[in-house]
file final.cif (mmCIF, C-alpha atoms)
data_model
#
loop_
_atom_site.label_atom_id
_atom_site.label_comp_id
_atom_site.auth_asym_id
_atom_site.auth_seq_id
_atom_site.Cartn_x
_atom_site.Cartn_y
_atom_site.Cartn_z
CA MET A 277 114.83 71.39 125.84
CA PRO A 278 116.33 74.69 124.62
CA THR A 279 120.07 75.02 125.34
CA ALA A 280 119.66 78.68 126.30
CA PRO A 281 116.87 80.30 128.32
CA ILE A 282 113.88 81.51 126.28
CA PHE A 283 113.87 85.30 126.13
CA LEU A 284 110.60 86.81 127.36
CA ASP A 285 109.60 89.87 125.34
CA PRO A 286 109.43 92.86 127.73
CA THR A 287 106.84 94.56 125.51
CA GLY A 288 104.35 91.68 125.85
CA ALA A 289 103.45 92.15 122.20
CA ASN A 290 102.64 88.51 121.38
CA ALA A 291 101.98 87.04 124.79
CA HIS A 292 99.73 84.15 123.78
CA ASP A 293 102.22 82.88 121.20
CA GLU A 294 104.95 83.15 123.80
CA HIS A 295 102.90 81.18 126.32
CA ARG A 296 102.28 78.44 123.78
CA GLN A 297 106.00 78.29 123.17
CA LEU A 298 106.66 77.90 126.89
CA ARG A 299 104.08 75.10 127.26
CA ALA A 300 105.57 73.29 124.26
CA HIS A 301 108.76 72.75 126.26
CA GLY A 302 107.01 70.83 129.01
CA PRO A 303 105.95 71.69 132.55
CA ALA A 304 108.98 73.90 133.23
CA VAL A 305 111.52 75.69 131.08
CA ARG A 306 114.29 78.17 131.79
CA VAL A 307 113.55 81.73 130.68
CA ASP A 308 115.36 85.06 130.58
CA ILE A 309 113.27 87.73 132.27
CA LEU A 310 115.03 91.05 131.65
CA GLY A 311 118.44 89.50 132.24
CA VAL A 312 117.55 87.21 135.13
CA THR A 313 117.25 83.47 134.52
CA ALA A 314 114.31 81.67 136.10
CA TRP A 315 112.27 78.51 135.67
CA SER A 316 108.93 79.35 134.03
CA ILE A 317 106.29 76.93 135.35
CA THR A 318 103.34 76.51 132.99
CA ASP A 319 101.89 73.14 134.02
CA PRO A 320 99.01 73.91 136.40
CA THR A 321 99.42 70.79 138.55
CA LEU A 322 103.14 71.36 139.01
CA LEU A 323 102.64 75.09 139.58
CA LYS A 324 99.99 74.55 142.26
CA GLY A 325 102.26 72.05 143.97
CA LEU A 326 105.18 74.47 144.02
CA LEU A 327 103.03 77.38 145.21
CA LYS A 328 102.11 75.48 148.37
CA SER A 329 105.44 73.73 148.89
CA PRO A 330 107.55 74.55 151.98
CA ASN A 331 110.56 74.07 149.70
CA VAL A 332 109.68 77.17 147.67
CA SER A 333 110.25 80.65 149.10
CA LYS A 334 109.51 84.23 148.08
CA ASP A 335 112.28 85.63 150.32
CA GLY A 336 115.10 86.50 147.94
CA ARG A 337 117.29 87.85 150.71
CA ALA A 338 117.35 84.44 152.34
CA HIS A 339 117.08 82.04 149.41
CA TRP A 340 118.34 83.65 146.17
CA PRO A 341 122.12 83.97 145.78
CA GLU A 342 121.66 86.54 142.98
CA PHE A 343 119.59 88.86 145.17
CA GLY A 344 122.34 91.39 145.88
CA ASP A 345 123.25 91.87 142.22
CA ALA A 346 119.61 91.87 141.11
CA ILE A 347 118.50 94.72 143.34
CA GLN A 348 121.33 96.85 141.95
CA THR A 349 120.80 96.24 138.23
CA TRP A 350 117.49 94.46 137.53
CA PRO A 351 114.59 96.61 136.28
CA LEU A 352 112.19 94.48 138.36
CA ALA A 353 114.21 94.86 141.56
CA LEU A 354 111.25 96.30 143.46
CA TRP A 355 109.32 93.05 142.95
CA VAL A 356 111.90 91.09 144.95
CA ALA A 357 113.23 93.76 147.31
CA VAL A 358 110.01 94.81 149.08
CA GLU A 359 109.58 93.73 152.71
CA SER A 360 105.97 92.65 153.08
CA MET A 361 103.93 89.47 153.05
CA PHE A 362 104.45 89.49 149.25
CA THR A 363 108.07 88.39 149.74
CA ALA A 364 107.92 86.90 153.24
CA PHE A 365 108.54 83.23 154.01
CA GLY A 366 107.56 80.89 156.83
CA ALA A 367 106.87 82.48 160.19
CA ASP A 368 107.32 86.03 158.89
CA HIS A 369 104.74 85.43 156.19
CA ARG A 370 102.26 83.95 158.67
CA ARG A 371 102.77 86.92 161.02
CA LEU A 372 102.16 89.50 158.30
CA ARG A 373 99.25 87.66 156.71
CA ARG A 374 97.48 87.26 160.08
CA MET A 375 97.82 91.00 160.54
CA ILE A 376 96.37 91.91 157.14
CA ALA A 377 93.74 89.20 156.63
CA PRO A 378 91.09 90.74 158.95
CA LEU A 379 91.18 93.91 156.85
CA PHE A 380 89.78 91.86 153.95
CA SER A 381 87.21 89.83 155.85
CA HIS A 382 83.99 88.76 154.12
CA GLN A 383 82.01 91.22 156.23
CA ARG A 384 84.27 94.16 155.39
CA ILE A 385 84.17 93.44 151.66
CA ALA A 386 80.39 92.87 151.60
CA ALA A 387 79.95 96.22 153.35
CA LEU A 388 81.66 97.91 150.42
CA GLN A 389 78.94 96.96 147.93
CA GLN A 390 77.03 100.22 148.34
CA ASP A 391 80.22 102.27 147.92
CA VAL A 392 81.18 100.36 144.76
CA ASP A 393 77.65 100.78 143.40
CA ALA A 394 77.73 104.53 144.05
CA ILE A 395 81.20 105.06 142.56
CA THR A 396 80.26 103.02 139.48
CA ALA A 397 77.02 104.94 138.97
CA GLY A 398 78.85 108.25 139.20
CA LEU A 399 81.44 107.18 136.65
CA LEU A 400 78.74 106.00 134.25
CA ASP A 401 76.95 109.32 134.69
CA ASP A 402 80.16 111.10 133.68
CA ILE A 403 80.58 108.80 130.68
CA GLU A 404 76.99 109.35 129.56
CA ALA A 405 77.61 113.10 129.61
CA LEU A 406 80.48 112.83 127.10
CA PRO A 407 79.79 113.67 123.42
CA VAL A 408 77.80 110.80 121.98
CA ASP A 409 79.48 110.96 118.58
CA GLU A 410 83.01 110.47 119.96
CA ALA A 411 84.83 107.27 120.91
CA ILE A 412 85.30 106.91 124.66
CA ASP A 413 88.31 105.20 126.23
CA LEU A 414 86.72 102.97 128.87
CA ARG A 415 90.10 102.03 130.34
CA GLU A 416 90.67 105.68 131.15
CA HIS A 417 87.10 106.61 132.10
CA LEU A 418 85.95 103.44 133.90
CA ALA A 419 88.50 100.65 134.35
CA TYR A 420 91.05 102.99 135.92
CA PRO A 421 89.01 105.28 138.16
CA LEU A 422 86.82 102.66 139.84
CA PRO A 423 89.61 100.55 141.46
CA ILE A 424 91.58 103.70 142.31
CA ALA A 425 88.58 105.23 144.04
CA VAL A 426 87.80 102.03 145.95
CA ILE A 427 91.33 101.25 147.14
CA CYS A 428 92.05 104.89 147.99
CA HIS A 429 88.80 104.98 149.96
CA LEU A 430 89.87 101.89 151.88
CA MET A 431 93.43 103.12 152.43
CA GLY A 432 92.47 106.71 153.20
CA VAL A 433 94.55 108.17 150.36
CA PRO A 434 93.64 111.87 149.94
CA ALA A 435 92.23 112.86 146.56
CA ASP A 436 95.21 115.11 145.80
CA GLN A 437 97.62 112.14 146.11
CA ARG A 438 95.77 109.69 143.87
CA VAL A 439 97.23 110.89 140.57
CA ALA A 440 100.75 110.53 141.96
CA PHE A 441 100.06 106.95 143.07
CA ARG A 442 98.56 106.04 139.73
CA THR A 443 101.63 107.26 137.85
CA VAL A 444 104.19 105.42 139.96
CA VAL A 445 102.16 102.21 140.26
CA ASP A 446 101.87 102.12 136.46
CA GLY A 447 105.65 102.29 136.38
CA VAL A 448 106.00 99.24 138.63
CA PHE A 449 104.30 97.10 135.96
CA ASP A 450 106.08 98.65 132.95
CA THR A 451 108.76 96.15 131.94
CA THR A 452 110.21 98.39 129.22
CA LEU A 453 111.82 100.73 131.78
CA THR A 454 115.59 100.64 132.19
CA ALA A 455 117.10 99.84 135.58
CA GLU A 456 117.74 103.56 136.09
CA GLU A 457 114.18 104.52 135.13
CA SER A 458 112.79 101.80 137.37
CA ALA A 459 114.91 102.99 140.30
CA ALA A 460 113.69 106.56 139.79
CA ASN A 461 110.09 105.34 139.69
CA SER A 462 110.62 103.37 142.91
CA ALA A 463 112.06 106.46 144.61
CA ALA A 464 109.01 108.48 143.57
CA LEU A 465 106.75 105.69 144.80
CA TYR A 466 108.33 105.63 148.26
CA GLU A 467 108.18 109.42 148.40
CA ALA A 468 104.42 109.18 147.85
CA LEU A 469 104.11 106.44 150.47
CA ASP A 470 106.11 108.44 153.03
CA LYS A 471 103.92 111.48 152.37
CA LEU A 472 100.81 109.37 153.03
CA ILE A 473 102.26 107.86 156.23
CA THR A 474 103.31 111.27 157.54
CA ALA A 475 99.86 112.72 156.87
CA LYS A 476 98.11 109.80 158.54
CA ARG A 477 100.38 109.85 161.58
CA THR A 478 99.37 113.47 162.05
CA THR A 479 95.65 112.76 161.70
CA LEU A 480 94.60 109.13 162.04
CA GLY A 481 91.33 108.15 160.39
CA ASP A 482 88.99 105.21 159.95
CA ASP A 483 91.00 103.58 157.16
CA MET A 484 93.45 100.74 156.61
CA THR A 485 96.52 102.97 156.50
CA SER A 486 95.67 104.37 159.91
CA LEU A 487 95.06 100.88 161.28
CA LEU A 488 98.45 99.70 160.05
CA ILE A 489 100.18 102.77 161.46
CA THR A 490 98.47 102.17 164.79
CA THR A 491 99.66 98.57 164.72
CA ARG A 492 103.20 99.70 163.95
CA ASP A 493 103.38 102.57 166.42
CA GLY A 494 101.36 100.89 169.15
CA GLU A 495 104.00 98.25 169.87
CA GLY A 496 106.65 99.31 172.35
CA ASP A 497 109.42 97.69 170.35
CA GLY A 498 107.78 97.92 166.96
CA GLY A 499 108.12 94.16 166.79
CA SER A 500 104.83 93.39 165.10
CA LEU A 501 105.48 95.51 162.02
CA SER A 502 108.76 97.18 161.07
CA GLU A 503 108.82 100.58 159.39
CA ALA A 504 109.95 98.96 156.12
CA GLU A 505 107.12 96.41 156.39
CA LEU A 506 104.63 99.22 156.98
CA ARG A 507 105.71 101.05 153.83
CA ASP A 508 105.83 97.94 151.68
CA THR A 509 102.54 96.58 152.99
CA LEU A 510 100.90 99.84 151.95
CA LEU A 511 102.62 99.53 148.58
CA LEU A 512 101.31 95.99 148.16
CA MET A 513 97.74 96.87 149.08
CA ILE A 514 97.55 99.96 146.88
CA SER A 515 99.26 98.47 143.82
CA ALA A 516 97.62 95.03 143.99
CA GLY A 517 94.23 96.60 144.68
CA TYR A 518 94.46 98.91 141.72
CA GLU A 519 96.44 97.81 138.66
CA THR A 520 95.23 94.22 138.61
CA THR A 521 91.55 95.12 138.88
CA VAL A 522 91.94 97.71 136.12
CA ASN A 523 93.16 94.96 133.81
CA VAL A 524 90.34 92.54 134.65
CA ILE A 525 87.69 95.19 133.98
CA ASP A 526 89.42 96.08 130.72
CA GLN A 527 89.69 92.44 129.60
CA ALA A 528 86.13 91.59 130.65
CA ILE A 529 84.62 94.42 128.61
CA THR A 530 86.82 93.51 125.66
CA GLN A 531 85.82 89.85 125.73
CA LEU A 532 82.11 90.60 125.98
CA LEU A 533 82.21 93.13 123.13
CA THR A 534 84.11 90.74 120.89
CA HIS A 535 81.94 87.74 121.81
CA PRO A 536 78.30 88.90 121.63
CA ASP A 537 77.14 85.29 121.83
CA GLN A 538 78.64 85.08 125.33
CA LEU A 539 77.06 88.36 126.39
CA ALA A 540 73.75 86.94 125.18
CA HIS A 541 74.15 84.00 127.59
CA VAL A 542 74.23 86.48 130.47
CA ARG A 543 71.31 88.51 129.22
CA VAL A 544 69.00 85.50 128.97
CA GLY A 545 70.14 84.00 132.27
CA ARG A 546 72.27 81.09 131.05
CA ALA A 547 75.27 82.60 132.85
CA SER A 548 75.81 85.17 135.59
CA TRP A 549 78.13 88.14 135.82
CA ASN A 550 80.14 86.12 138.32
CA ASP A 551 80.56 83.45 135.64
CA VAL A 552 81.90 86.14 133.31
CA VAL A 553 84.37 87.32 135.94
CA GLU A 554 85.75 83.82 136.54
CA GLU A 555 86.11 83.07 132.82
CA VAL A 556 87.92 86.35 132.20
CA LEU A 557 90.23 85.67 135.14
CA ARG A 558 91.01 82.29 133.61
CA LEU A 559 91.41 83.40 130.01
CA GLU A 560 93.06 86.80 130.54
CA PRO A 561 94.41 87.03 134.10
CA ALA A 562 95.53 90.46 135.28
CA LEU A 563 99.13 89.25 135.62
CA LYS A 564 100.72 87.01 133.01
CA HIS A 565 103.75 86.12 135.14
CA LEU A 566 104.57 86.86 138.78
CA PRO A 567 108.21 87.24 139.87
CA LEU A 568 109.81 85.56 141.79
CA ARG A 569 110.10 82.47 143.96
CA TYR A 570 113.18 80.43 144.87
CA ALA A 571 114.04 76.81 145.51
CA VAL A 572 114.93 76.30 149.18
CA THR A 573 116.37 72.90 148.28
CA ASP A 574 116.87 70.93 145.06
CA ILE A 575 113.48 70.16 143.52
CA GLU A 576 113.07 67.27 141.09
CA LEU A 577 110.41 67.83 138.43
CA PRO A 578 108.15 65.15 136.93
CA ASP A 579 110.20 65.12 133.70
CA GLY A 580 113.43 64.53 135.59
CA GLN A 581 114.76 68.09 135.46
CA ILE A 582 116.13 69.62 138.65
CA ILE A 583 115.44 73.12 139.92
CA ALA A 584 118.62 73.56 141.94
CA LYS A 585 118.65 75.11 145.39
CA GLY A 586 118.72 78.90 145.05
CA GLU A 587 117.41 79.03 141.49
CA ALA A 588 114.57 81.42 140.68
CA ILE A 589 111.04 80.32 139.75
CA LEU A 590 108.55 82.32 137.68
CA ALA A 591 104.86 81.56 138.17
CA SER A 592 103.49 81.79 134.61
CA TYR A 593 99.80 82.08 135.49
CA ALA A 594 98.45 83.02 132.05
CA ALA A 595 100.14 80.08 130.33
CA ALA A 596 98.97 77.67 133.04
CA ASN A 597 95.38 78.95 132.91
CA ARG A 598 95.12 78.00 129.23
CA HIS A 599 96.85 74.65 129.58
CA PRO A 600 94.95 72.03 127.52
CA ASP A 601 95.53 69.41 130.23
CA TRP A 602 93.40 71.57 132.52
CA HIS A 603 90.74 73.02 130.24
CA GLY A 604 90.87 70.76 127.21
CA GLU A 605 90.70 71.68 123.55
CA THR A 606 88.67 74.82 124.31
CA ALA A 607 91.25 76.27 126.71
CA ASP A 608 91.82 79.26 124.39
CA ALA A 609 88.09 79.97 123.99
CA PHE A 610 86.01 82.48 125.95
CA ASP A 611 83.09 80.47 127.33
CA VAL A 612 81.06 81.91 130.21
CA THR A 613 79.13 78.64 130.51
CA ARG A 614 82.33 76.65 131.18
CA THR A 615 81.72 74.13 133.97
CA VAL A 616 85.34 73.87 135.19
CA LYS A 617 86.04 77.41 136.35
CA ASP A 618 89.35 76.85 138.15
CA HIS A 619 92.24 79.23 137.47
CA LEU A 620 95.34 80.69 139.07
CA ALA A 621 94.63 84.38 138.51
CA PHE A 622 94.83 85.05 142.25
CA GLY A 623 97.67 82.63 142.90
CA HIS A 624 97.45 79.54 145.05
CA GLY A 625 98.58 78.26 148.40
CA PHE A 626 100.34 80.39 151.01
CA HIS A 627 100.28 83.59 148.94
CA PHE A 628 96.73 83.41 147.56
CA CYS A 629 95.55 86.99 147.06
CA LEU A 630 93.63 88.35 150.05
CA GLY A 631 92.01 90.98 147.83
CA ALA A 632 90.34 88.45 145.52
CA PRO A 633 86.80 88.96 146.92
CA LEU A 634 87.09 92.74 146.49
CA ALA A 635 88.31 92.43 142.90
CA ARG A 636 85.47 90.03 142.06
CA LEU A 637 82.95 92.40 143.63
CA GLU A 638 84.21 95.41 141.66
CA VAL A 639 84.35 93.66 138.30
CA ALA A 640 80.92 92.01 138.56
CA THR A 641 79.37 95.30 139.70
CA VAL A 642 80.85 97.41 136.93
CA LEU A 643 79.97 94.90 134.19
CA SER A 644 76.36 94.63 135.28
CA ALA A 645 75.95 98.40 135.52
CA LEU A 646 77.77 99.17 132.25
CA PHE A 647 75.83 96.76 130.05
CA ASP A 648 72.56 97.67 131.72
CA ARG A 649 73.14 101.39 131.15
CA PHE A 650 74.50 101.04 127.61
CA PRO A 651 73.03 97.86 126.06
CA GLU A 652 74.17 98.82 122.54
CA ILE A 653 77.79 99.56 123.44
CA GLU A 654 80.37 98.47 120.86
CA LEU A 655 84.12 98.65 120.23
CA ALA A 656 85.14 101.76 118.31
CA VAL A 657 88.06 100.01 116.59
CA PRO A 658 88.66 96.51 115.19
CA THR A 659 89.82 94.08 117.87
CA GLN A 660 93.25 93.70 116.28
CA GLU A 661 93.89 97.41 116.77
CA LEU A 662 93.71 97.13 120.56
CA LYS A 663 97.34 97.46 121.71
CA PRO A 664 98.60 95.49 124.72
CA LEU A 665 100.30 97.25 127.61
CA ALA A 666 104.07 97.43 127.31
CA SER A 667 104.63 94.75 129.92
CA LEU A 668 105.43 91.06 130.17
CA LEU A 669 103.66 91.10 133.55
CA SER A 670 100.55 93.28 133.35
CA ASN A 671 97.79 92.03 131.06
CA GLY A 672 95.64 94.82 129.70
CA HIS A 673 95.32 97.29 126.83
CA GLN A 674 96.81 100.72 126.37
CA ALA A 675 93.32 102.01 125.60
CA LEU A 676 89.82 100.58 125.19
CA PRO A 677 87.87 102.84 122.80
CA VAL A 678 84.14 102.22 122.58
CA ARG A 679 80.97 103.82 121.31
CA LEU A 680 78.01 103.83 123.64
CA ARG A 681 75.61 103.37 120.74
CA PRO A 682 76.08 101.86 117.25
CA THR A 683 77.60 104.26 114.75
CA ALA A 684 74.55 103.86 112.49
CA ALA A 685 72.42 105.42 115.18
#
call {"tool": "encode", "arguments": {"input": "final.cif", "output": "C-alpha cells"}}
result
Amino acid sequence: MPTAPIFLDPTGANAHDEHRQLRAHGPAVRVDILGVTAWSITDPTLLKGLLKSPNVSKDGRAHWPEFGDAIQTWPLALWVAVESMFTAFGADHRRLRRMIAPLFSHQRIAALQQDVDAITAGLLDDIEALPVDEAIDLREHLAYPLPIAVICHLMGVPADQRVAFRTVVDGVFDTTLTAEESAANSAALYEALDKLITAKRTTLGDDMTSLLITTRDGEGDGGSLSEAELRDTLLLMISAGYETTVNVIDQAITQLLTHPDQLAHVRVGRASWNDVVEEVLRLEPALKHLPLRYAVTDIELPDGQIIAKGEAILASYAAANRHPDWHGETADAFDVTRTVKDHLAFGHGFHFCLGAPLARLEVATVLSALFDRFPEIELAVPTQELKPLASLLSNGHQALPVRLRPTAA
C-alpha cells in the first residue's frame, strides 16, 4: 500500500490511467481529493456493500470530524454542506426521499416521452439548419440543451433563468476552481435558487418547484421540509438532472462514432438503444467519483485494512464499473451486446438516483433520433483531440465537434 494518499488530478486529464492505478492497490486505497483524505473504493462488491450499509453515512455534520474545516476551505464544500436527501442519513433521508420519490414515478416519467421527443426534434431541426460545411459542437447544440430544457420544464424554471443555472451548475462540477472561486460560484447558485423560489411563491404553477414550495409552506411548523432543505433539494434536482445527462449523451455519441461496428449492431437489430445507454453508463459514467461518505463506526475491509470511524469514503464509480472481477478481460471495451449490463452509474442502495429512468429516457430518445436523422454523421476531429472536462468528478468532453455528413460529400 502507498505510504501517502494517492493524489487525484483535479483536471481529470488521464482518468482511466488513474483508475487503473487505484484498482492496482486493492479494493480500497487512501486518496487526496483536493486536500481532503478519503478512502477510494474501487472494488464493486465492496462498494455496493458500503453503499447499503447502515454503518456508512452521507451526513458530514454528524459523522465527519473534518466537516467544519472542510466547508471553510475545501473547493468541494458544497458537495458535503448541502441539506437535502443527497447528504441525509437514516430517518432524515427516508423522510426526504419519500417526499421526492413520487415526483419521479414511472407514470410521470413515461408521460414525458412526448415532450422529450418534441424537444429533441426541435434541436435536430436547428442543427440541420446550420451550415453543412462547418463542424458542429454536439455537446453545445444537443447534449446541453436537451437535459436543460427537460429539467427546467419539470422544475418550472423560466427561460430567462436557464442560462444562469447552467453557468453555476457547471461550476459545481469544475474541480479546478479555488476555494474562493467555488464559494463565489455557490453564492451565485443560491442567488439563482432564491430568485426561482421567490418567483414561484408569487405565482405557483404545475411544476415540481411549486409542489415542493407548497409542501414547505403548507405545514404549520414547516416540519416536513426546512427552508434550507427546500433550496438544496431544488439544487439537487436541477444539477443532477442536467449535468449528468449532458455527459451521458456526450459519451454515448462519442462511443458510437468511434466504434462503428457497435453502431452497426443497433442498426441491424442485434442491440437496442437501451443496450447502448447501459453500456455507456458502465464504460463512461457521468460521474467518475462521488464525494463523500463517512464511516459511522470502524469498518474492517476484506484485506484487513480498517476505515476508522469518522474517516471519509469516496465512491469511485468509474473505476469500479471497469473492474475486471466484474466484467472480465473486456471491461475496458465498448460492447453493446454485453450480457452482464450491471453498473454503478446511478449509485446503489439507499441513495440510488431517483432520476435514473428520466436520464435513460432522454439518452435513448436523443440517440435514436440523431442517428436516424443523420445516418452519415462523423467526428470532425481525431478521437485523441477530444479534451476531457476539467474535473475529477464530471466525465464528459469540453466539446464534441462533428460533421453531419462525410467531408467527401
call {"tool": "closest_residue", "arguments": {"input": "final.cif", "among": "A:Arg296, A:Gly302, A:His535, A:Asn461", "to": "Pro278 (chain A)", "atoms": "all atoms listed in the file"}}
result
A:Gly302
call {"tool": "closest_residue", "arguments": {"input": "final.cif", "among": "A:Pro281, A:Gly586, A:Gly672, A:Pro561", "to": "Ala304 (chain A)", "atoms": "only C-alpha atoms"}}
result
A:Pro281
call {"tool": "resolve_selection", "arguments": {"input": "final.cif", "expression": "the PyMOL selection byres ((chain A and resi 369-375) around 10)", "output": "ChimeraX atom specification"}}
result
/A:334-335,360-368,376-379,488,491,500-501,505,509,626-627,630
call {"tool": "resolve_selection", "arguments": {"input": "final.cif", "expression": "the PyMOL selection byres ((chain A and resi 432) around 8)", "output": "list in words"}}
result
Cys428, His429, Leu430, Met431, Val433, Pro434, Gly481, Asp482, Asp483, Met484, Thr485 and Ser486 of chain A
call {"tool": "resolve_selection", "arguments": {"input": "final.cif", "expression": "the PyMOL selection byres ((chain A and resi 448) around 9)", "output": "ChimeraX atom specification"}}
result
/A:352,354-355,444-447,449-451,458,461-462,465,515
call {"tool": "residues_around", "arguments": {"input": "final.cif", "residues": "Leu590 (chain A)", "least_positions_apart": "3", "cutoff": "12 Å", "atoms": "all atoms listed in the file", "output": "ChimeraX atom specification"}}
result
/A:284,298,304-309,312-319,323,326-327,332-334,355-356,563-571,583,587,593-596,668-669
call {"tool": "closest_residue", "arguments": {"input": "final.cif", "among": "A:Leu469, A:Ala562, A:Leu655, A:Ile582", "to": "Gln531 (chain A)", "atoms": "all atoms listed in the file"}}
result
A:Leu655
call {"tool": "residues_near_point", "arguments": {"input": "final.cif", "point": "(87.9, 91.4, 138.1)", "cutoff": "6 Å", "atoms": "all atoms listed in the file", "output": "VMD selection string"}}
result
chain A and resid 521 524 to 525 553 635 to 636 639
call {"tool": "atom_distance", "arguments": {"input": "final.cif", "atom1": "CA of Thr573 (chain A)", "atom2": "CA of Ser329 (chain A)"}}
result
11.0 Å
call {"tool": "atom_distance", "arguments": {"input": "final.cif", "atom1": "CA of Leu533 (chain A)", "atom2": "CA of Trp602 (chain A)"}}
result
26.0 Å
call {"tool": "atom_distance", "arguments": {"input": "final.cif", "atom1": "CA of Leu620 (chain A)", "atom2": "CA of Arg507 (chain A)"}}
result
27.2 Å
call {"tool": "decode", "arguments": {"input": "final.cif", "residues": "region 293-309 of chain A", "atoms": "N, CA and C atoms", "output": "short mmCIF file (atom, residue, chain, number, x, y, z; two decimals), in the first residue's frame"}}
result
data_model
loop_
_atom_site.label_atom_id
_atom_site.label_comp_id
_atom_site.auth_asym_id
_atom_site.auth_seq_id
_atom_site.Cartn_x
_atom_site.Cartn_y
_atom_site.Cartn_z
N ASP A 293 -6.13 5.98 -16.66
CA ASP A 293 -4.86 5.54 -16.07
C ASP A 293 -4.92 5.67 -14.56
N GLU A 294 -5.50 6.74 -14.09
CA GLU A 294 -5.62 6.96 -12.65
C GLU A 294 -6.49 5.89 -12.00
N HIS A 295 -7.56 5.51 -12.67
CA HIS A 295 -8.45 4.49 -12.12
C HIS A 295 -7.76 3.12 -12.08
N ARG A 296 -6.96 2.84 -13.10
CA ARG A 296 -6.19 1.59 -13.07
C ARG A 296 -5.20 1.60 -11.91
N GLN A 297 -4.61 2.73 -11.65
CA GLN A 297 -3.68 2.85 -10.53
C GLN A 297 -4.40 2.59 -9.21
N LEU A 298 -5.59 3.14 -9.06
CA LEU A 298 -6.35 2.92 -7.83
C LEU A 298 -6.69 1.44 -7.65
N ARG A 299 -7.17 0.79 -8.72
CA ARG A 299 -7.53 -0.62 -8.62
C ARG A 299 -6.31 -1.49 -8.30
N ALA A 300 -5.14 -1.08 -8.77
CA ALA A 300 -3.93 -1.87 -8.54
C ALA A 300 -3.57 -1.96 -7.07
N HIS A 301 -4.09 -1.04 -6.26
CA HIS A 301 -3.80 -1.05 -4.82
C HIS A 301 -4.84 -1.82 -4.02
N GLY A 302 -5.71 -2.55 -4.68
CA GLY A 302 -6.68 -3.36 -3.96
C GLY A 302 -8.05 -2.71 -3.91
N PRO A 303 -8.93 -3.27 -3.10
CA PRO A 303 -10.32 -2.80 -3.09
C PRO A 303 -10.51 -1.39 -2.56
N ALA A 304 -9.56 -0.91 -1.75
CA ALA A 304 -9.68 0.43 -1.18
C ALA A 304 -8.29 1.01 -0.98
N VAL A 305 -8.15 2.30 -1.25
CA VAL A 305 -6.86 2.96 -1.06
C VAL A 305 -7.13 4.41 -0.68
N ARG A 306 -6.26 4.95 0.16
CA ARG A 306 -6.42 6.34 0.58
C ARG A 306 -5.99 7.29 -0.55
N VAL A 307 -6.81 8.31 -0.77
CA VAL A 307 -6.52 9.29 -1.83
C VAL A 307 -6.62 10.70 -1.26
N ASP A 308 -5.98 11.62 -1.96
CA ASP A 308 -6.07 13.04 -1.66
C ASP A 308 -6.96 13.67 -2.72
N ILE A 309 -8.11 14.16 -2.30
CA ILE A 309 -9.05 14.79 -3.22
C ILE A 309 -9.12 16.28 -2.87
#
